[in-house]
$ cat protein32.cif   # mmCIF, C-alpha atoms
data_work
#
loop_
_atom_site.label_atom_id
_atom_site.label_comp_id
_atom_site.auth_asym_id
_atom_site.auth_seq_id
_atom_site.Cartn_x
_atom_site.Cartn_y
_atom_site.Cartn_z
CA PHE A 10 3.55 -59.89 -15.66
CA VAL A 11 1.29 -58.03 -18.07
CA LEU A 12 1.53 -54.25 -18.37
CA LEU A 13 -1.74 -52.40 -19.01
CA VAL A 14 -1.42 -49.28 -21.15
CA GLN A 15 -4.14 -46.82 -22.13
CA VAL A 16 -3.55 -45.45 -25.60
CA ASP A 17 -4.23 -41.72 -26.05
CA SER A 18 -7.58 -41.21 -27.79
CA VAL A 19 -10.09 -38.38 -28.06
CA PRO A 20 -12.64 -38.21 -25.21
CA LYS A 21 -15.72 -37.26 -27.24
CA LYS A 22 -18.48 -39.07 -25.37
CA ASN A 23 -20.24 -36.91 -22.76
CA THR A 24 -20.87 -39.23 -19.82
CA LYS A 25 -21.76 -36.84 -16.96
CA VAL A 26 -23.10 -33.30 -16.61
CA ILE A 27 -22.51 -31.44 -13.33
CA LYS A 28 -24.94 -28.56 -12.84
CA PHE A 29 -24.11 -25.59 -10.65
CA GLY A 30 -26.65 -23.23 -9.06
CA LYS A 31 -28.78 -20.83 -11.12
CA LYS A 32 -26.38 -17.94 -10.53
CA SER A 33 -23.20 -19.99 -10.33
CA ARG A 34 -20.71 -21.53 -12.72
CA ALA A 35 -17.24 -23.06 -12.63
CA GLU A 36 -14.51 -20.50 -13.31
CA CYS A 37 -11.66 -23.02 -13.07
CA ALA A 38 -11.15 -26.76 -12.66
CA SER A 39 -8.29 -29.25 -12.33
CA PHE A 40 -7.73 -32.99 -11.97
CA SER A 41 -5.37 -34.01 -9.16
CA PRO A 42 -1.95 -35.37 -10.23
CA ASP A 43 -2.79 -38.78 -8.71
CA GLY A 44 -5.96 -38.89 -10.84
CA HIS A 45 -8.36 -39.42 -7.92
CA TYR A 46 -10.13 -36.06 -7.78
CA LEU A 47 -11.56 -33.27 -9.90
CA VAL A 48 -11.84 -29.86 -8.23
CA SER A 49 -13.83 -26.86 -9.42
CA GLY A 50 -13.68 -23.26 -8.27
CA SER A 51 -16.92 -21.38 -8.82
CA SER A 52 -18.21 -17.85 -9.26
CA ASP A 53 -19.93 -18.02 -5.85
CA GLY A 54 -16.65 -18.82 -4.06
CA PHE A 55 -17.03 -22.57 -3.51
CA LEU A 56 -14.25 -25.11 -4.00
CA GLU A 57 -15.83 -28.48 -4.63
CA ILE A 58 -14.16 -31.83 -5.17
CA TRP A 59 -16.04 -34.15 -7.49
CA ASN A 60 -16.25 -37.85 -8.11
CA PHE A 61 -15.97 -37.67 -11.89
CA GLU A 62 -17.22 -41.27 -12.19
CA THR A 63 -20.62 -40.37 -10.71
CA GLY A 64 -20.74 -36.64 -11.45
CA LYS A 65 -21.49 -35.94 -7.77
CA LEU A 66 -19.59 -34.41 -4.87
CA HIS A 67 -16.91 -36.75 -3.55
CA LYS A 68 -18.47 -38.14 -0.36
CA GLY A 69 -15.28 -39.99 0.53
CA LEU A 70 -14.14 -36.67 1.97
CA LYS A 71 -15.89 -36.40 5.33
CA TYR A 72 -16.28 -32.62 5.32
CA GLN A 73 -18.07 -32.66 1.98
CA ALA A 74 -20.33 -35.49 3.13
CA GLU A 75 -21.31 -33.17 6.00
CA ASP A 76 -21.89 -30.23 3.59
CA ASP A 77 -18.87 -28.37 4.93
CA ILE A 78 -17.42 -26.96 1.70
CA MET A 79 -14.11 -25.14 1.20
CA MET A 80 -14.75 -21.58 0.07
CA HIS A 81 -13.63 -18.00 -0.57
CA GLU A 82 -15.72 -14.88 0.02
CA GLU A 83 -15.63 -14.10 -3.70
CA ALA A 84 -15.27 -15.91 -7.04
CA VAL A 85 -12.48 -18.48 -7.35
CA LEU A 86 -10.53 -17.78 -10.55
CA SER A 87 -7.67 -20.29 -10.31
CA VAL A 88 -6.87 -23.57 -8.65
CA THR A 89 -3.96 -26.02 -8.66
CA TRP A 90 -2.66 -29.10 -6.82
CA SER A 91 0.61 -29.89 -5.11
CA ARG A 92 2.58 -32.63 -6.84
CA ASP A 93 1.59 -35.20 -4.19
CA SER A 94 -2.13 -34.24 -4.44
CA GLU A 95 -2.20 -33.52 -0.70
CA LEU A 96 -2.60 -29.74 -0.95
CA LEU A 97 -4.83 -27.50 -3.03
CA ALA A 98 -4.12 -23.83 -3.78
CA SER A 99 -6.90 -21.47 -4.82
CA GLY A 100 -6.90 -17.83 -5.90
CA SER A 101 -9.82 -15.41 -5.79
CA LEU A 102 -11.15 -12.38 -7.64
CA LYS A 103 -9.88 -10.04 -4.89
CA GLY A 104 -6.31 -11.35 -4.84
CA VAL A 105 -6.63 -13.78 -1.92
CA VAL A 106 -4.79 -17.12 -2.05
CA LYS A 107 -5.65 -20.03 0.23
CA ILE A 108 -3.86 -23.34 0.73
CA TRP A 109 -6.05 -26.30 1.71
CA ARG A 110 -5.34 -29.78 3.05
CA VAL A 111 -7.53 -31.91 0.82
CA ARG A 112 -8.02 -34.80 3.22
CA THR A 113 -9.49 -32.58 5.96
CA GLY A 114 -10.73 -29.53 4.04
CA SER A 115 -8.84 -27.26 6.45
CA CYS A 116 -7.21 -24.01 5.31
CA VAL A 117 -3.56 -24.34 6.35
CA ARG A 118 -2.35 -21.00 4.99
CA SER A 119 -3.98 -17.82 3.68
CA PHE A 120 -2.44 -14.89 1.84
CA ALA A 121 -4.97 -12.09 2.27
CA SER A 122 -3.09 -9.73 -0.06
CA ALA A 123 -1.24 -12.04 -2.43
CA HIS A 124 -2.10 -9.52 -5.16
CA SER A 125 -4.15 -6.34 -5.44
CA LYS A 126 -6.40 -7.85 -8.12
CA GLY A 127 -7.67 -11.28 -9.18
CA ILE A 128 -5.38 -14.33 -9.25
CA THR A 129 -5.20 -15.74 -12.78
CA SER A 130 -2.94 -18.74 -12.14
CA ILE A 131 -1.05 -20.63 -9.42
CA ASP A 132 1.81 -23.12 -9.67
CA PHE A 133 3.55 -25.05 -6.88
CA ALA A 134 7.34 -25.05 -6.66
CA LYS A 135 9.10 -28.39 -7.05
CA ASP A 136 9.42 -29.04 -3.29
CA GLY A 137 5.92 -27.74 -2.53
CA THR A 138 7.12 -25.08 -0.06
CA GLN A 139 6.38 -22.11 -2.31
CA ILE A 140 3.71 -21.04 -4.79
CA LEU A 141 3.99 -18.93 -7.92
CA THR A 142 1.04 -16.62 -8.66
CA ALA A 143 0.01 -14.37 -11.55
CA SER A 144 -2.58 -11.63 -11.47
CA PHE A 145 -4.68 -9.01 -13.20
CA ASP A 146 -2.42 -6.49 -11.38
CA ASN A 147 0.26 -7.20 -14.05
CA ASN A 148 2.61 -8.84 -11.56
CA ILE A 149 3.98 -12.30 -10.74
CA ARG A 150 4.96 -13.29 -7.21
CA ILE A 151 6.41 -16.19 -5.22
CA HIS A 152 5.04 -16.80 -1.73
CA GLY A 153 6.42 -19.00 1.05
CA LEU A 154 4.01 -21.46 2.63
CA LYS A 155 6.00 -21.69 5.87
CA SER A 156 6.54 -17.95 6.40
CA GLY A 157 3.23 -16.82 4.93
CA ARG A 158 5.08 -14.00 3.19
CA THR A 159 5.63 -12.81 -0.35
CA LEU A 160 9.24 -13.70 -1.16
CA LYS A 161 9.80 -12.48 -4.72
CA GLU A 162 8.16 -10.31 -7.34
CA PHE A 163 8.61 -10.32 -11.11
CA ARG A 164 7.80 -6.96 -12.74
CA GLY A 165 7.78 -6.04 -16.40
CA HIS A 166 4.44 -6.93 -17.97
CA THR A 167 2.29 -3.93 -18.89
CA SER A 168 -1.08 -5.69 -18.81
CA TYR A 169 -2.81 -8.67 -17.19
CA VAL A 170 -0.59 -11.69 -16.58
CA ASN A 171 -2.89 -14.51 -17.68
CA GLN A 172 -0.56 -17.30 -16.62
CA ALA A 173 2.79 -17.91 -14.94
CA MET A 174 4.36 -21.32 -14.51
CA TYR A 175 7.69 -22.91 -13.71
CA SER A 176 9.77 -24.38 -16.52
CA ALA A 177 10.11 -28.16 -16.56
CA ASP A 178 13.41 -27.92 -14.65
CA PHE A 179 11.97 -25.32 -12.21
CA LEU A 180 14.92 -22.98 -12.83
CA GLN A 181 12.89 -20.45 -14.75
CA VAL A 182 9.45 -18.83 -14.64
CA ILE A 183 7.46 -18.53 -17.87
CA SER A 184 4.66 -15.96 -18.13
CA GLY A 185 2.09 -14.96 -20.74
CA SER A 186 0.28 -11.63 -20.74
CA SER A 187 -2.42 -9.57 -22.41
CA ASP A 188 0.41 -7.22 -23.41
CA GLY A 189 1.12 -9.82 -26.10
CA THR A 190 4.42 -11.07 -24.71
CA VAL A 191 5.84 -14.24 -23.25
CA ARG A 192 8.59 -13.56 -20.72
CA ILE A 193 11.20 -15.93 -19.35
CA TRP A 194 12.51 -15.11 -15.87
CA ASP A 195 15.27 -16.44 -13.65
CA ALA A 196 13.32 -18.08 -10.81
CA LYS A 197 16.07 -17.32 -8.30
CA THR A 198 17.04 -13.72 -9.16
CA THR A 199 13.72 -12.58 -10.83
CA GLU A 200 15.76 -11.22 -13.76
CA CYS A 201 13.90 -11.17 -17.08
CA LEU A 202 16.04 -13.32 -19.40
CA GLN A 203 13.94 -13.25 -22.55
CA THR A 204 10.89 -11.45 -23.98
CA PHE A 205 9.16 -12.40 -27.22
CA LYS A 206 5.86 -11.79 -29.00
CA PRO A 207 4.38 -14.95 -30.52
CA GLU A 208 2.00 -12.84 -32.61
CA LYS A 209 1.66 -9.10 -33.12
CA ASP A 210 -0.87 -7.26 -30.90
CA VAL A 211 -2.55 -10.44 -29.62
CA SER A 212 -3.01 -11.44 -25.96
CA VAL A 213 -1.23 -14.54 -24.68
CA LEU A 214 -3.91 -16.51 -22.80
CA LYS A 215 -2.48 -19.91 -21.95
CA LEU A 216 0.85 -21.71 -21.67
CA CYS A 217 1.35 -25.49 -21.51
CA ARG A 218 4.46 -27.57 -20.87
CA LEU A 219 4.79 -30.30 -23.48
CA SER A 220 6.10 -32.83 -20.98
CA SER A 221 7.31 -33.26 -17.41
CA VAL A 222 10.79 -34.28 -18.57
CA MET A 223 13.16 -31.78 -16.93
CA SER A 224 15.28 -31.34 -20.04
CA ASP A 225 12.24 -30.57 -22.23
CA ASN A 226 11.50 -26.86 -22.00
CA ARG A 227 9.25 -26.61 -25.04
CA ILE A 228 5.98 -24.80 -24.42
CA LEU A 229 2.66 -24.48 -26.22
CA VAL A 230 1.58 -20.85 -26.50
CA CYS A 231 -2.14 -20.18 -26.87
CA CYS A 232 -2.94 -16.64 -28.06
CA ARG A 233 -6.31 -14.99 -28.69
CA SER A 234 -6.13 -15.95 -32.36
CA SER A 235 -6.59 -18.99 -34.56
CA LYS A 236 -2.98 -20.10 -34.14
CA LEU A 237 -1.27 -22.09 -31.37
CA ARG A 238 2.49 -22.45 -31.40
CA VAL A 239 5.03 -24.83 -29.94
CA MET A 240 8.04 -22.69 -29.01
CA ASN A 241 11.31 -22.97 -27.16
CA LEU A 242 12.32 -20.60 -24.37
CA LYS A 243 14.32 -18.48 -26.82
CA GLY A 244 11.12 -17.62 -28.68
CA LYS A 245 11.76 -19.84 -31.70
CA LYS A 246 8.63 -21.33 -33.28
CA LEU A 247 8.97 -25.10 -33.64
CA HIS A 248 5.48 -26.01 -34.79
CA GLU A 249 2.15 -24.33 -35.46
CA TYR A 250 -1.47 -25.46 -35.21
CA GLU A 251 -4.47 -23.58 -36.59
CA ILE A 252 -8.17 -23.78 -35.67
CA LYS A 253 -11.27 -22.20 -37.25
CA SER A 254 -11.89 -19.70 -34.44
CA ASN A 255 -9.97 -17.82 -31.74
CA ALA A 256 -8.32 -20.13 -29.22
CA ILE A 257 -9.24 -19.87 -25.54
CA GLN A 258 -7.30 -22.66 -23.88
CA ALA A 259 -5.33 -25.80 -24.65
CA ALA A 260 -4.29 -29.08 -23.03
CA PHE A 261 -2.42 -32.29 -23.86
CA SER A 262 -3.39 -35.94 -23.58
CA PRO A 263 -1.50 -37.98 -20.93
CA LYS A 264 1.24 -39.10 -23.32
CA SER A 265 1.25 -35.80 -25.27
CA LYS A 266 0.13 -37.59 -28.44
CA ILE A 267 -2.94 -35.34 -28.82
CA MET A 268 -3.18 -31.57 -28.38
CA TYR A 269 -6.61 -30.17 -27.50
CA ALA A 270 -7.52 -26.57 -28.33
CA ILE A 271 -10.84 -25.05 -27.37
CA GLY A 272 -12.04 -22.18 -29.55
CA ASP A 273 -14.57 -19.41 -28.98
CA ASP A 274 -16.89 -21.36 -31.28
CA GLN A 275 -17.24 -23.91 -28.40
CA VAL A 276 -15.51 -26.58 -30.51
CA LEU A 277 -12.71 -28.77 -29.17
CA TYR A 278 -10.10 -29.22 -31.90
CA CYS A 279 -8.02 -32.39 -31.47
CA PHE A 280 -4.62 -32.47 -33.18
CA ASN A 281 -2.32 -35.40 -33.79
CA CYS A 282 0.98 -34.13 -32.35
CA GLU A 283 3.07 -36.34 -34.62
CA ASP A 284 1.88 -34.98 -37.98
CA GLY A 285 -0.10 -31.88 -36.91
CA SER A 286 -3.34 -33.06 -38.51
CA VAL A 287 -6.80 -32.46 -37.02
CA GLN A 288 -7.84 -35.82 -35.62
CA ASP A 289 -11.32 -34.80 -34.52
CA ALA A 290 -13.55 -31.84 -33.61
CA VAL A 291 -16.18 -31.96 -30.86
CA ARG A 292 -18.72 -29.28 -29.89
CA LEU A 293 -18.59 -29.16 -26.09
CA HIS A 294 -21.30 -26.68 -25.05
CA ALA A 295 -23.98 -24.48 -26.61
CA LYS A 296 -22.72 -21.40 -24.75
CA GLU A 297 -19.23 -20.00 -24.18
CA VAL A 298 -16.65 -22.48 -22.90
CA ILE A 299 -14.56 -21.04 -20.06
CA GLY A 300 -11.97 -23.80 -19.93
CA ILE A 301 -10.95 -27.46 -20.05
CA THR A 302 -8.80 -29.77 -17.94
CA HIS A 303 -7.46 -33.22 -18.81
CA HIS A 304 -7.01 -36.22 -16.53
CA PRO A 305 -3.29 -36.98 -15.95
CA HIS A 306 -3.46 -40.70 -16.80
CA ARG A 307 -6.75 -41.49 -18.53
CA ASN A 308 -8.66 -40.33 -21.60
CA ILE A 309 -11.02 -38.15 -19.59
CA LEU A 310 -11.57 -34.44 -20.10
CA ALA A 311 -13.72 -31.93 -18.19
CA SER A 312 -15.12 -28.77 -19.79
CA PHE A 313 -16.91 -25.92 -18.05
CA SER A 314 -19.07 -23.19 -19.50
CA THR A 315 -21.11 -20.04 -18.93
CA ASP A 316 -24.15 -22.32 -19.22
CA GLY A 317 -23.53 -23.29 -15.58
CA THR A 318 -22.42 -26.86 -16.27
CA MET A 319 -19.25 -28.88 -16.17
CA LYS A 320 -19.22 -31.87 -18.52
CA ILE A 321 -17.16 -35.05 -18.24
CA TRP A 322 -15.99 -36.46 -21.57
CA ARG A 323 -14.53 -39.93 -22.18
CA SER A 324 -13.13 -41.88 -25.08
CA GLY A 325 -14.14 -45.38 -26.00
CA ALA A 326 -10.55 -46.59 -25.79
CA LYS A 327 -9.80 -49.36 -23.34
CA THR A 328 -6.53 -50.43 -21.78
CA LYS A 329 -4.33 -52.50 -24.04
CA LYS A 330 -2.33 -55.50 -22.86
CA VAL A 331 1.37 -55.20 -23.56
CA GLY A 332 3.54 -58.10 -22.54
CA PRO A 333 4.39 -60.21 -20.80
CA ARG A 334 7.08 -57.66 -19.93
CA PHE A 335 9.68 -60.41 -19.77
CA THR A 336 9.82 -64.17 -19.23
CA GLU A 337 12.15 -66.39 -17.23
CA LYS A 338 14.26 -67.00 -20.32
CA THR A 339 14.90 -63.30 -21.00
CA THR A 340 16.99 -60.84 -19.10
CA PRO A 341 15.06 -57.89 -17.68
CA SER A 342 15.97 -54.57 -19.26
CA ALA A 343 17.10 -51.63 -17.19
CA GLU A 344 13.67 -50.08 -17.66
CA SER A 345 11.90 -53.08 -16.13
CA LYS A 346 14.17 -53.41 -13.09
#
$ encode --input "protein32.cif" --output "structure tokens"
Amino acid sequence: FVLLVQVDSVPKKNTKVIKFGKKSRAECASFSPDGHYLVSGSSDGFLEIWNFETGKLHKGLKYQAEDDIMMHEEAVLSVTWSRDSELLASGSLKGVVKIWRVRTGSCVRSFASAHSKGITSIDFAKDGTQILTASFDNNIRIHGLKSGRTLKEFRGHTSYVNQAMYSADFLQVISGSSDGTVRIWDAKTTECLQTFKPEKDVSVLKLCRLSSVMSDNRILVCCRSSKLRVMNLKGKKLHEYEIKSNAIQAAFSPKSKIMYAIGDDQVLYCFNCEDGSVQDAVRLHAKEVIGITHHPHRNILASFSTDGTMKIWRSGAKTKKVGPRFTEKTTPSAESK
């Protein structure tokens, strides 16, 4: 048989523009792990799932077709998917977290006081039974979906925790804060194992895992400066990228061949991960870019801005035929079995 592979390439063609209401904008967005959906959380509290092919609400979901939209009472600041794309977790400006069943749009669990201030990030545990949250209240917590209770708390940061995520092996929690530090915590005991400052007196805004391989615990650290660093969990710098403005957020292409960094100049800087060179630069919006999210399998990127739009970007790359994988005269490799 023939294997179809999409080669990583820069999505620099704007194919769709999603416009929010006059007083609304997307504050967060994320593609589902299965690649079927794109969700946005907006400043007016709505959680909307989009068909990124058409740029319209996904009408395959009955509740959206009937204008019954998932929502919070205040702005949605963070959103994430369970690994099987069945559940959606959203966090609001007032510290409320809700868990939604995507197929029905029903809220299956709500944490009314997950934090005392806004939720900056959410991450599902490996088995999907717990969620990890970070907040403007300087704290990180783990909540149980079955019990509906807060199970653990990680204290130590002295300013906003802008992101917290599990390590690739899910044994540790990694957090980045406006206090300028990255902290590594034992996910089971909540003990702080390591603290390091990637750059002096600069907020840590975004953390990215380089891969989903459990043994690969390298992270990309995005600070409010021109430099982005690949580091290990001991705080050692392995590689450094530099852009022409202050970085806001970063993401990787599906095969981690390209690193994308969005700067406060609204330009998307695209780096070749193999040699560190700038492969391309694309201006995404005229006004401030809030964030970006990359499709898990395809060369598609979504950007959202204070201009009240979310744009879908694509590359011109097509799938490439590789194969046949093996013929009758060859012995299948272990990988192909």
$ resolve_selection --input "protein32.cif" --expression "the PyMOL selection byres ((chain A and resi 256) around 10)" --output "ChimeraX atom specification"
/A:214-215,231-237,251-255,257-259,270-278
$ closest_residue --input "protein32.cif" --among "A:Val106, A:Asn23, A:Val48, A:Pro263" --to "His294 in chain A" --atoms "all atoms listed in the file"
A:Asn23
$ axis_aligned_box --input "protein32.cif" --around "range 46-59 of chain A" --padding-each-side "8 Å" --output "JSON"
{"center_x": -15.0, "center_y": -27.0, "center_z": -6.7, "size_x": 25.8, "size_y": 34.2, "size_z": 22.4}
$ resolve_selection --input "protein32.cif" --expression "the PyMOL selection byres ((chain A and resi 240) around 9)" --output "VMD selection string"
chain A and resid 207 226 to 230 238 to 239 241 to 249
$ write_last_selection --input "protein32.cif" --atoms "C-alpha atoms" --output "short mmCIF file (atom, residue, chain, number, x, y, z; two decimals), in the frame of the given file"
data_model
loop_
_atom_site.label_atom_id
_atom_site.label_comp_id
_atom_site.auth_asym_id
_atom_site.auth_seq_id
_atom_site.Cartn_x
_atom_site.Cartn_y
_atom_site.Cartn_z
CA PRO A 207 4.38 -14.95 -30.52
CA ASN A 226 11.50 -26.86 -22.00
CA ARG A 227 9.25 -26.61 -25.04
CA ILE A 228 5.98 -24.80 -24.42
CA LEU A 229 2.66 -24.48 -26.22
CA VAL A 230 1.58 -20.85 -26.50
CA ARG A 238 2.49 -22.45 -31.40
CA VAL A 239 5.03 -24.83 -29.94
CA ASN A 241 11.31 -22.97 -27.16
CA LEU A 242 12.32 -20.60 -24.37
CA LYS A 243 14.32 -18.48 -26.82
CA GLY A 244 11.12 -17.62 -28.68
CA LYS A 245 11.76 -19.84 -31.70
CA LYS A 246 8.63 -21.33 -33.28
CA LEU A 247 8.97 -25.10 -33.64
CA HIS A 248 5.48 -26.01 -34.79
CA GLU A 249 2.15 -24.33 -35.46
#
$ residues_near_point --input "protein32.cif" --point "(8.3, -26.1, -18.6)" --cutoff "10 Å" --atoms "all atoms listed in the file" --output "list in words"
Met174, Tyr175, Ser176, Ala177, Asp178, Phe179, Leu180, Gln181, Val182, Ile183, Leu216, Cys217, Arg218, Leu219, Ser220, Ser221, Val222, Met223, Ser224, Asp225, Asn226, Arg227, Ile228, Leu229, Asn241 and Leu242 of chain A
$ closest_residue --input "protein32.cif" --among "A:Asn308, A:Ser184, A:Ser265, A:Thr129" --to "Gly100 in chain A" --atoms "all atoms listed in the file"
A:Thr129
$ closest_residue --input "protein32.cif" --among "A:Ala38, A:Cys282, A:Val19, A:Ile131" --to "Ile151 in chain A" --atoms "all atoms listed in the file"
A:Ile131
$ closest_residue --input "protein32.cif" --among "A:Thr318, A:Gln203, A:Gln172, A:Gln73" --to "Arg150 in chain A" --atoms "all atoms listed in the file"
A:Gln172
$ atom_distance --input "protein32.cif" --atom1 "CA of Arg118 in chain A" --atom2 "CA of Lys155 in chain A"
8.4 Å
$ closest_residue --input "protein32.cif" --among "A:His67, A:Glu162, A:Asp195, A:Thr190" --to "Asp210 in chain A" --atoms "only C-alpha atoms"
A:Thr190
